[in-house]
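Single-structure report; data block below.
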Amino acid sequence: MGAADATTARAARGAAAADVEELVRGLVAREALTGATLSKPRRPAPGRPTRITVDPVLVAAGRRYRWRYHHRTRTVDESLTAEETARRLARLVGAEFRQALLHSPEADHQVLAGGRTPAVLRRPPSRPQAPLVHDRRKRRLLGEGEPVPFLVELGVTTPDGRVRRQRFDKFRQVNRFLELVDDVLPALPAGRLHVLDFGSGRSYLTFALHHLLTAVHGREADIVGLDLHEDVVAACEALARRLDARGLRFEVGDIAGYAGDRADLVVSLHACDTATDLALDRAVRLGARAILAVPCCQHELAGRIEHAALAPLLSRGLLRQRFAADVTDAARAQLLEAVGYDVQVVEFVELEHTPKNLLLRALRRPRRDRGAAYARYRAFADALGIEPALERLLADLLPGAAAAGLRPAGRA
């Protein structure tokens with residue numbers, strides 16, 4: 001192909017892509033998109049959805065679009081505005097998925113993007129109307145258009161409850177966090193609750209937790225946000241007093257030195273590297289009924305994993321780091337099971353919003369078979385030649401520790 005022909009081909013592909021984008025944006029702008037399905041991803045991978053469906057729904061703030069990501073073993077929902085939906089559809093159709101079916105009252109538009117130039121086939125409408133049901137499946141514990149004092153003070157919403165455009169990601173993150181907390185509330189004891197947030201930072205989620213427990217569920221709670229930065233703690237403490245957030249306080253301190261004697265729920269979000277292990281250890285020793293932890297920067301094992309069969313993976317720096325992070329969190333989950341917890345590894349927020357999207361959710365189950373859980377961990381750790389920080393910290397609590405005379409790291 002000559003230079004002129006190549007230029008012509010590129011222009012044709014560009015024009016076709018522009019036509020698809022115009023079609024997508026036009027359907028959404030006219031509220032004529034009654035549904036969409038994206039299939040045949042260009043780059044299939046374990047963490048990527050195999051199919052995406054989009055449906056218009058009604059929420060308190062009006063029409064939105066429910067995006068449902070279909071993975072091999074689960075589905076994940078997300079609610080987007082019309083503008084966000086048009087932008088994302090235009091980007092994904094063709095670039096990320098080779099086929100798309102766009103429904104409208106006038107026609108079905110089938111986009112075939114497997115070749116170099118996308119083609120659009122127009123067929124009779126199979127879904128001329130959208131059901132437009134209320135999106136009850138998506139549980140929003142903080143609704144749009146509903147003023148919540150701490151969200152206003154932290155700049156997430158306007159005084160009348162509208163989410164600020166640049167803070168939608170934070171609003172979604174807070175709601176997702178509250179969904180996860182709400183799921184574990186039945187496991188917590190009756191009466192006044194004792195809650196710890198290790199590494200509370202600017203405390204969006206700490207204030208959200210206080211709102212959920214006290215305003216939504218009417219529970220009495222003592223909630224402590226612990227952080228190392230004095231200025232951040234002072235600002236959060238001042239805000240708590242302005243909001244008259246009874247039972248909520250903030251303290252300067254590190255995880256290892258926390259002197260409390262009990263906790264029903266412990267939260268640790270984005271504690272860096274082995275700070276997550278310190279938080280998990282303290283939670284276990286405080287007798288926490290439930291633990292929610294979002295690990296961050298899992299570097300500890302990156303230089304320690306050894307396995308001859310994994311040499312093609314371990315010899316490549318980036319792959320080694322990613323693998324080490326997954327190994328670290330798998331070890332944490334198994335160790336928590338070995339000291340009496342049921343553990344789930346769940347998605348916190350979409351990867352699009354933050355790469356730190358994995359959450360460990362642990363519920364205390366004293367009667368579980370701790371010996372079998374520890375045996376599974378031991379086989380896993382021995383195969384990879386690892387001894388992670390959490391194993392050393394929990395040494396005296398693991399099955400067989402008393403007989404072996406083990407003591408936790410850093411303790412007399």
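Labels used: A, B, ... for chains in the order of the structure tokens, numbers from 1 for residues in each chain, and numbers from 1 for ligands as shown.
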Neighbour list for A:Leu314 as a VMD selection string, cut-off 10 Å, only C-alpha atoms, skip fewer than 4 positions in-chain: chain A and resid 302 to 303 305 to 310 318 to 324
Residue contacts of stretch 150-152 of chain A (9 Å, only C-alpha atoms) excluding same-chain residues fewer than 3 positions away, as JSON, numbers by chain: {"A": [147, 155, 156, 157, 158, 159, 160, 161, 163, 171, 204, 207, 208, 211, 239, 240, 243]}
Would you mind exporting the chosen residues as a PDB file, in the first residue's frame, restricted to N, CA and C atoms?
ATOM      1  N   PRO A 147     -28.982  16.649  51.353  1.00  0.00           N
ATOM      2  CA  PRO A 147     -27.875  17.297  52.072  1.00  0.00           C
ATOM      3  C   PRO A 147     -27.435  16.488  53.285  1.00  0.00           C
ATOM      4  N   GLY A 155     -16.641  19.385  51.168  1.00  0.00           N
ATOM      5  CA  GLY A 155     -16.612  19.844  49.788  1.00  0.00           C
ATOM      6  C   GLY A 155     -17.033  18.819  48.754  1.00  0.00           C
ATOM      7  N   VAL A 156     -17.668  17.717  49.197  1.00  0.00           N
ATOM      8  CA  VAL A 156     -18.114  16.699  48.246  1.00  0.00           C
ATOM      9  C   VAL A 156     -19.430  17.102  47.601  1.00  0.00           C
ATOM     10  N   THR A 157     -20.313  17.738  48.373  1.00  0.00           N
ATOM     11  CA  THR A 157     -21.594  18.186  47.835  1.00  0.00           C
ATOM     12  C   THR A 157     -21.807  19.671  48.123  1.00  0.00           C
ATOM     13  N   THR A 158     -22.749  20.247  47.391  1.00  0.00           N
ATOM     14  CA  THR A 158     -23.169  21.620  47.658  1.00  0.00           C
ATOM     15  C   THR A 158     -24.129  21.623  48.847  1.00  0.00           C
ATOM     16  N   PRO A 159     -24.421  22.794  49.413  1.00  0.00           N
ATOM     17  CA  PRO A 159     -25.336  22.834  50.564  1.00  0.00           C
ATOM     18  C   PRO A 159     -26.711  22.229  50.297  1.00  0.00           C
ATOM     19  N   ASP A 160     -27.149  22.203  49.016  1.00  0.00           N
ATOM     20  CA  ASP A 160     -28.446  21.593  48.721  1.00  0.00           C
ATOM     21  C   ASP A 160     -28.330  20.114  48.358  1.00  0.00           C
ATOM     22  N   GLY A 161     -27.126  19.523  48.527  1.00  0.00           N
ATOM     23  CA  GLY A 161     -26.958  18.093  48.364  1.00  0.00           C
ATOM     24  C   GLY A 161     -26.517  17.622  47.001  1.00  0.00           C
ATOM     25  N   VAL A 163     -23.946  16.644  44.205  1.00  0.00           N
ATOM     26  CA  VAL A 163     -22.551  16.212  44.199  1.00  0.00           C
ATOM     27  C   VAL A 163     -21.759  17.096  43.242  1.00  0.00           C
ATOM     28  N   PHE A 171     -17.540  10.600  46.038  1.00  0.00           N
ATOM     29  CA  PHE A 171     -18.892  10.269  46.470  1.00  0.00           C
ATOM     30  C   PHE A 171     -19.177   8.787  46.268  1.00  0.00           C
ATOM     31  N   TYR A 204     -12.760  11.324  55.359  1.00  0.00           N
ATOM     32  CA  TYR A 204     -14.040  11.236  54.654  1.00  0.00           C
ATOM     33  C   TYR A 204     -14.814  10.006  55.128  1.00  0.00           C
ATOM     34  N   PHE A 207     -16.001  10.009  58.961  1.00  0.00           N
ATOM     35  CA  PHE A 207     -17.250  10.757  59.140  1.00  0.00           C
ATOM     36  C   PHE A 207     -18.428   9.998  58.534  1.00  0.00           C
ATOM     37  N   ALA A 208     -18.193   9.344  57.392  1.00  0.00           N
ATOM     38  CA  ALA A 208     -19.254   8.558  56.764  1.00  0.00           C
ATOM     39  C   ALA A 208     -19.679   7.404  57.670  1.00  0.00           C
ATOM     40  N   HIS A 211     -21.837   8.722  60.407  1.00  0.00           N
ATOM     41  CA  HIS A 211     -23.174   9.018  59.871  1.00  0.00           C
ATOM     42  C   HIS A 211     -23.995   7.734  59.713  1.00  0.00           C
ATOM     43  N   LEU A 239     -13.632  19.759  62.924  1.00  0.00           N
ATOM     44  CA  LEU A 239     -14.834  19.511  62.128  1.00  0.00           C
ATOM     45  C   LEU A 239     -15.838  18.659  62.907  1.00  0.00           C
ATOM     46  N   ALA A 240     -15.339  17.660  63.618  1.00  0.00           N
ATOM     47  CA  ALA A 240     -16.234  16.817  64.417  1.00  0.00           C
ATOM     48  C   ALA A 240     -16.977  17.635  65.458  1.00  0.00           C
ATOM     49  N   LEU A 243     -19.680  19.782  63.754  1.00  0.00           N
ATOM     50  CA  LEU A 243     -20.825  18.968  63.361  1.00  0.00           C
ATOM     51  C   LEU A 243     -21.550  18.350  64.551  1.00  0.00           C
TER      52      LEU A 243
END
Shell of 9 Å around A:Leu335, only C-alpha atoms, local chain residues under 2 positions omitted, as a ChimeraX atom specification: /A:330-333,337-341,373-374,377,390-391,394,398
Written file, previous selection with N, CA and C atoms, as an mmCIF file, in the first residue's frame:
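Dumped to selection_1.cif:
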data_model
loop_
_atom_site.group_PDB
_atom_site.id
_atom_site.type_symbol
_atom_site.label_atom_id
_atom_site.label_comp_id
_atom_site.auth_asym_id
_atom_site.auth_seq_id
_atom_site.Cartn_x
_atom_site.Cartn_y
_atom_site.Cartn_z
ATOM 1 N N ALA A 330 -3.149 -12.655 49.849
ATOM 2 C CA ALA A 330 -3.616 -14.039 50.029
ATOM 3 C C ALA A 330 -3.114 -14.587 51.363
ATOM 4 N N ALA A 331 -1.860 -14.289 51.701
ATOM 5 C CA ALA A 331 -1.312 -14.743 52.982
ATOM 6 C C ALA A 331 -2.057 -14.098 54.145
ATOM 7 N N ARG A 332 -2.358 -12.803 54.034
ATOM 8 C CA ARG A 332 -3.104 -12.128 55.101
ATOM 9 C C ARG A 332 -4.468 -12.773 55.318
ATOM 10 N N ALA A 333 -5.163 -13.043 54.219
ATOM 11 C CA ALA A 333 -6.484 -13.656 54.332
ATOM 12 C C ALA A 333 -6.402 -15.022 55.013
ATOM 13 N N GLU A 337 -7.851 -16.325 58.756
ATOM 14 C CA GLU A 337 -8.677 -17.515 58.926
ATOM 15 C C GLU A 337 -8.070 -18.455 59.969
ATOM 16 N N ALA A 338 -6.735 -18.490 60.022
ATOM 17 C CA ALA A 338 -6.060 -19.380 60.978
ATOM 18 C C ALA A 338 -6.191 -18.899 62.418
ATOM 19 N N VAL A 339 -6.599 -17.630 62.626
ATOM 20 C CA VAL A 339 -6.824 -17.146 63.993
ATOM 21 C C VAL A 339 -8.307 -16.914 64.261
ATOM 22 N N GLY A 340 -9.175 -17.500 63.413
ATOM 23 C CA GLY A 340 -10.587 -17.528 63.755
ATOM 24 C C GLY A 340 -11.512 -16.595 63.017
ATOM 25 N N TYR A 341 -11.145 -16.158 61.817
ATOM 26 C CA TYR A 341 -11.998 -15.259 61.043
ATOM 27 C C TYR A 341 -12.417 -15.910 59.729
ATOM 28 N N ALA A 373 -7.086 -24.316 58.406
ATOM 29 C CA ALA A 373 -6.755 -23.046 57.748
ATOM 30 C C ALA A 373 -5.253 -22.782 57.832
ATOM 31 N N TYR A 374 -4.674 -23.063 59.006
ATOM 32 C CA TYR A 374 -3.236 -22.835 59.150
ATOM 33 C C TYR A 374 -2.426 -23.807 58.294
ATOM 34 N N TYR A 377 -2.332 -22.418 54.898
ATOM 35 C CA TYR A 377 -1.383 -21.303 54.845
ATOM 36 C C TYR A 377 0.052 -21.810 54.830
ATOM 37 N N LEU A 390 2.713 -10.385 58.931
ATOM 38 C CA LEU A 390 1.567 -10.762 59.744
ATOM 39 C C LEU A 390 1.772 -12.127 60.407
ATOM 40 N N GLU A 391 2.484 -13.029 59.763
ATOM 41 C CA GLU A 391 2.788 -14.316 60.400
ATOM 42 C C GLU A 391 3.644 -14.103 61.645
ATOM 43 N N LEU A 394 1.446 -12.428 64.463
ATOM 44 C CA LEU A 394 0.424 -13.303 65.051
ATOM 45 C C LEU A 394 0.990 -14.636 65.543
ATOM 46 N N LEU A 398 -1.268 -18.432 66.469
ATOM 47 C CA LEU A 398 -1.484 -19.441 65.437
ATOM 48 C C LEU A 398 -1.559 -20.837 66.048
#
Members of stretch 127-365 of chain A assigned alpha helix (DSSP H) by DSSP, as a ChimeraX atom specification: /A:149-153,168-184,204-210,230-242,275-285,311-314,317-338
Contacts of A:Val184 within 10 Å, only C-alpha atoms, excl. fewer than 5 positions in-chain, as an MDAnalysis selection string: chainID A and resid 179 265 289:292 361:363
Just-selected residues, N, CA and C atoms written as a PDB file, in the first residue's frame:
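Okay, part.pdb is ready:
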ATOM      1  N   GLU A 179     -21.643   0.658  51.935  1.00  0.00           N
ATOM      2  CA  GLU A 179     -22.274  -0.620  51.601  1.00  0.00           C
ATOM      3  C   GLU A 179     -21.547  -1.778  52.273  1.00  0.00           C
ATOM      4  N   LEU A 265     -15.355  -3.090  65.682  1.00  0.00           N
ATOM      5  CA  LEU A 265     -15.071  -2.945  64.254  1.00  0.00           C
ATOM      6  C   LEU A 265     -13.783  -2.169  64.092  1.00  0.00           C
ATOM      7  N   ARG A 289     -14.886  -7.914  66.127  1.00  0.00           N
ATOM      8  CA  ARG A 289     -15.834  -8.819  65.480  1.00  0.00           C
ATOM      9  C   ARG A 289     -15.719  -8.731  63.958  1.00  0.00           C
ATOM     10  N   ALA A 290     -15.387  -7.527  63.470  1.00  0.00           N
ATOM     11  CA  ALA A 290     -15.288  -7.325  62.018  1.00  0.00           C
ATOM     12  C   ALA A 290     -14.085  -6.437  61.723  1.00  0.00           C
ATOM     13  N   ILE A 291     -13.411  -6.737  60.608  1.00  0.00           N
ATOM     14  CA  ILE A 291     -12.244  -5.975  60.166  1.00  0.00           C
ATOM     15  C   ILE A 291     -12.423  -5.671  58.680  1.00  0.00           C
ATOM     16  N   LEU A 292     -12.210  -4.408  58.314  1.00  0.00           N
ATOM     17  CA  LEU A 292     -12.217  -3.996  56.915  1.00  0.00           C
ATOM     18  C   LEU A 292     -10.875  -3.332  56.631  1.00  0.00           C
ATOM     19  N   ARG A 361     -12.299  -8.319  53.991  1.00  0.00           N
ATOM     20  CA  ARG A 361     -13.414  -8.226  54.942  1.00  0.00           C
ATOM     21  C   ARG A 361     -13.411  -9.490  55.799  1.00  0.00           C
ATOM     22  N   ALA A 362     -13.176  -9.309  57.086  1.00  0.00           N
ATOM     23  CA  ALA A 362     -13.026 -10.451  57.992  1.00  0.00           C
ATOM     24  C   ALA A 362     -14.056 -10.373  59.105  1.00  0.00           C
ATOM     25  N   LEU A 363     -14.747 -11.495  59.365  1.00  0.00           N
ATOM     26  CA  LEU A 363     -15.720 -11.606  60.445  1.00  0.00           C
ATOM     27  C   LEU A 363     -15.285 -12.724  61.383  1.00  0.00           C
TER      28      LEU A 363
END
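For the choices A:Thr37, A:Gln129, A:Asn175, A:Gln166, the atom-to-atom distance to A:Ser79 is smallest for A:Asn175 when using only C-alpha atoms.
Among the candidates A:Asp342, A:Asp222, A:Glu31, A:Glu153, the one nearest to A:His103 when counting only C-alpha atoms is A:Glu31.
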Stretch 95-99 of chain A surroundings by only C-alpha atoms, 8 Å radius, close-in-sequence under 2 positions cut, as JSON, numbers by chain: {"A": [38, 39, 40, 41, 42, 43, 91, 92, 93, 101, 110, 111, 112, 113, 114]}
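In this model, the gap between atom CA of A:Cys296 and atom CA of A:Cys272 comes to 4.9 Å.
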Using only C-alpha atoms: which of A:Ala271, A:Val28, A:Ala187, A:Val327 has the shortest distance to A:Ala288: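 Under the stated criterion, the closest residue is A:Ala187.
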Straight-line distance linking atom CA of A:Ser126 with atom CA of A:Ala107, stated in Å to one decimal: 7.5 Å
DSSP-assigned strand (DSSP E) members of stretch 134-341 of chain A, reported as a PyMOL selection string: chain A and resi 193-198+221-227+248-252+265-272+290-296+341
Store the residues picked out above, limited to N, CA and C atoms, as a compact mmCIF listing (two decimals), in the first residue's frame.
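The resulting again_13.txt:
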# COMPACT_ATOMS: atom_id res chain seq x y z
N LEU A 193 -21.30 0.67 70.30
CA LEU A 193 -20.23 0.08 69.50
C LEU A 193 -18.92 0.82 69.71
N HIS A 194 -17.83 0.08 69.61
CA HIS A 194 -16.49 0.65 69.72
C HIS A 194 -15.78 0.41 68.38
N VAL A 195 -15.41 1.51 67.72
CA VAL A 195 -14.88 1.44 66.35
C VAL A 195 -13.55 2.17 66.28
N LEU A 196 -12.60 1.57 65.55
CA LEU A 196 -11.30 2.20 65.34
C LEU A 196 -11.04 2.35 63.85
N ASP A 197 -10.51 3.50 63.46
CA ASP A 197 -10.07 3.73 62.09
C ASP A 197 -8.58 4.03 62.15
N PHE A 198 -7.77 3.04 61.79
CA PHE A 198 -6.31 3.22 61.82
C PHE A 198 -5.85 3.92 60.53
N ALA A 221 -22.23 4.98 69.35
CA ALA A 221 -20.91 4.48 68.97
C ALA A 221 -19.81 5.41 69.46
N ASP A 222 -18.72 4.80 69.89
CA ASP A 222 -17.46 5.52 70.14
C ASP A 222 -16.54 5.19 68.98
N ILE A 223 -16.18 6.21 68.21
CA ILE A 223 -15.35 6.01 67.02
C ILE A 223 -14.09 6.84 67.18
N VAL A 224 -12.94 6.18 67.04
CA VAL A 224 -11.64 6.85 67.15
C VAL A 224 -10.94 6.79 65.79
N GLY A 225 -10.58 7.96 65.28
CA GLY A 225 -9.75 8.04 64.09
C GLY A 225 -8.32 8.32 64.49
N LEU A 226 -7.40 7.44 64.12
CA LEU A 226 -6.01 7.55 64.54
C LEU A 226 -5.14 7.88 63.34
N ASP A 227 -4.30 8.91 63.47
CA ASP A 227 -3.42 9.29 62.37
C ASP A 227 -2.14 9.90 62.94
N LEU A 248 -17.49 10.71 68.27
CA LEU A 248 -16.40 10.67 67.28
C LEU A 248 -15.26 11.56 67.74
N ARG A 249 -14.06 10.99 67.77
CA ARG A 249 -12.90 11.80 68.14
C ARG A 249 -11.69 11.33 67.33
N PHE A 250 -10.69 12.20 67.27
CA PHE A 250 -9.47 11.92 66.50
C PHE A 250 -8.26 12.10 67.40
N GLU A 251 -7.30 11.20 67.24
CA GLU A 251 -6.11 11.20 68.08
C GLU A 251 -4.86 11.07 67.23
N VAL A 252 -3.78 11.67 67.70
CA VAL A 252 -2.47 11.50 67.05
C VAL A 252 -1.82 10.25 67.62
N LEU A 265 -15.36 -3.09 65.68
CA LEU A 265 -15.07 -2.95 64.25
C LEU A 265 -13.78 -2.17 64.09
N VAL A 266 -12.87 -2.68 63.27
CA VAL A 266 -11.62 -1.98 62.97
C VAL A 266 -11.54 -1.77 61.46
N VAL A 267 -11.21 -0.54 61.09
CA VAL A 267 -11.07 -0.15 59.69
C VAL A 267 -9.64 0.32 59.46
N SER A 268 -9.04 -0.11 58.36
CA SER A 268 -7.70 0.35 57.99
C SER A 268 -7.66 0.49 56.47
N LEU A 269 -7.65 1.72 56.01
CA LEU A 269 -7.71 1.97 54.57
C LEU A 269 -6.41 2.60 54.10
N HIS A 270 -5.71 1.91 53.21
CA HIS A 270 -4.51 2.40 52.55
C HIS A 270 -3.35 2.61 53.53
N ALA A 271 -3.28 1.77 54.58
CA ALA A 271 -2.09 1.77 55.42
C ALA A 271 -0.95 1.14 54.61
N CYS A 272 0.17 1.82 54.52
CA CYS A 272 1.21 1.45 53.57
C CYS A 272 2.00 0.22 54.02
N ALA A 290 -15.39 -7.53 63.47
CA ALA A 290 -15.29 -7.32 62.02
C ALA A 290 -14.09 -6.44 61.72
N ILE A 291 -13.41 -6.74 60.61
CA ILE A 291 -12.24 -5.98 60.17
C ILE A 291 -12.42 -5.67 58.68
N LEU A 292 -12.21 -4.41 58.31
CA LEU A 292 -12.22 -4.00 56.92
C LEU A 292 -10.88 -3.33 56.63
N ALA A 293 -10.11 -3.88 55.69
CA ALA A 293 -8.78 -3.35 55.39
C ALA A 293 -8.56 -3.26 53.89
N VAL A 294 -8.12 -2.10 53.45
CA VAL A 294 -7.71 -1.90 52.06
C VAL A 294 -6.19 -1.74 52.06
N PRO A 295 -5.44 -2.79 51.67
CA PRO A 295 -3.98 -2.70 51.70
C PRO A 295 -3.44 -1.72 50.66
N CYS A 296 -2.21 -1.34 50.86
CA CYS A 296 -1.56 -0.39 49.94
C CYS A 296 -0.06 -0.66 49.91
N TYR A 341 -11.14 -16.16 61.82
CA TYR A 341 -12.00 -15.26 61.04
C TYR A 341 -12.42 -15.91 59.73
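What separates atom CA of A:Leu397 from atom CA of A:Leu359 is a distance of 23.2 Å.
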Within 12 Å of A:His71, counting only C-alpha atoms, which residues qualify if same-chain residues fewer than 5 places away don't, as a short mmCIF file (atom, residue, chain, number, x, y, z; two decimals) with C-alpha atoms, in the first residue's frame?
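Result written to result.cif:
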data_model
loop_
_atom_site.label_atom_id
_atom_site.label_comp_id
_atom_site.auth_asym_id
_atom_site.auth_seq_id
_atom_site.Cartn_x
_atom_site.Cartn_y
_atom_site.Cartn_z
CA SER A 39 -19.09 -7.87 24.04
CA PRO A 41 -13.27 -7.57 24.48
CA PRO A 44 -9.42 -10.38 27.60
CA ALA A 45 -7.83 -10.66 31.05
CA PRO A 46 -8.87 -12.11 34.43
CA GLY A 47 -9.55 -8.69 35.93
CA ARG A 48 -11.51 -7.34 32.97
CA PRO A 49 -15.24 -7.82 32.31
CA THR A 50 -16.21 -10.17 29.47
CA ARG A 51 -19.38 -8.19 28.79
CA ILE A 52 -20.93 -4.87 29.80
CA THR A 53 -24.63 -4.01 29.80
CA VAL A 76 -20.35 -5.25 39.47
CA ASP A 77 -22.79 -2.34 39.12
#
Option closest in space to A:Ala275, from A:Asp254, A:Asp261, A:Asp382, A:Asp182 [counting only C-alpha atoms]: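 Closest to A:Ala275, using only C-alpha atoms: A:Asp254.
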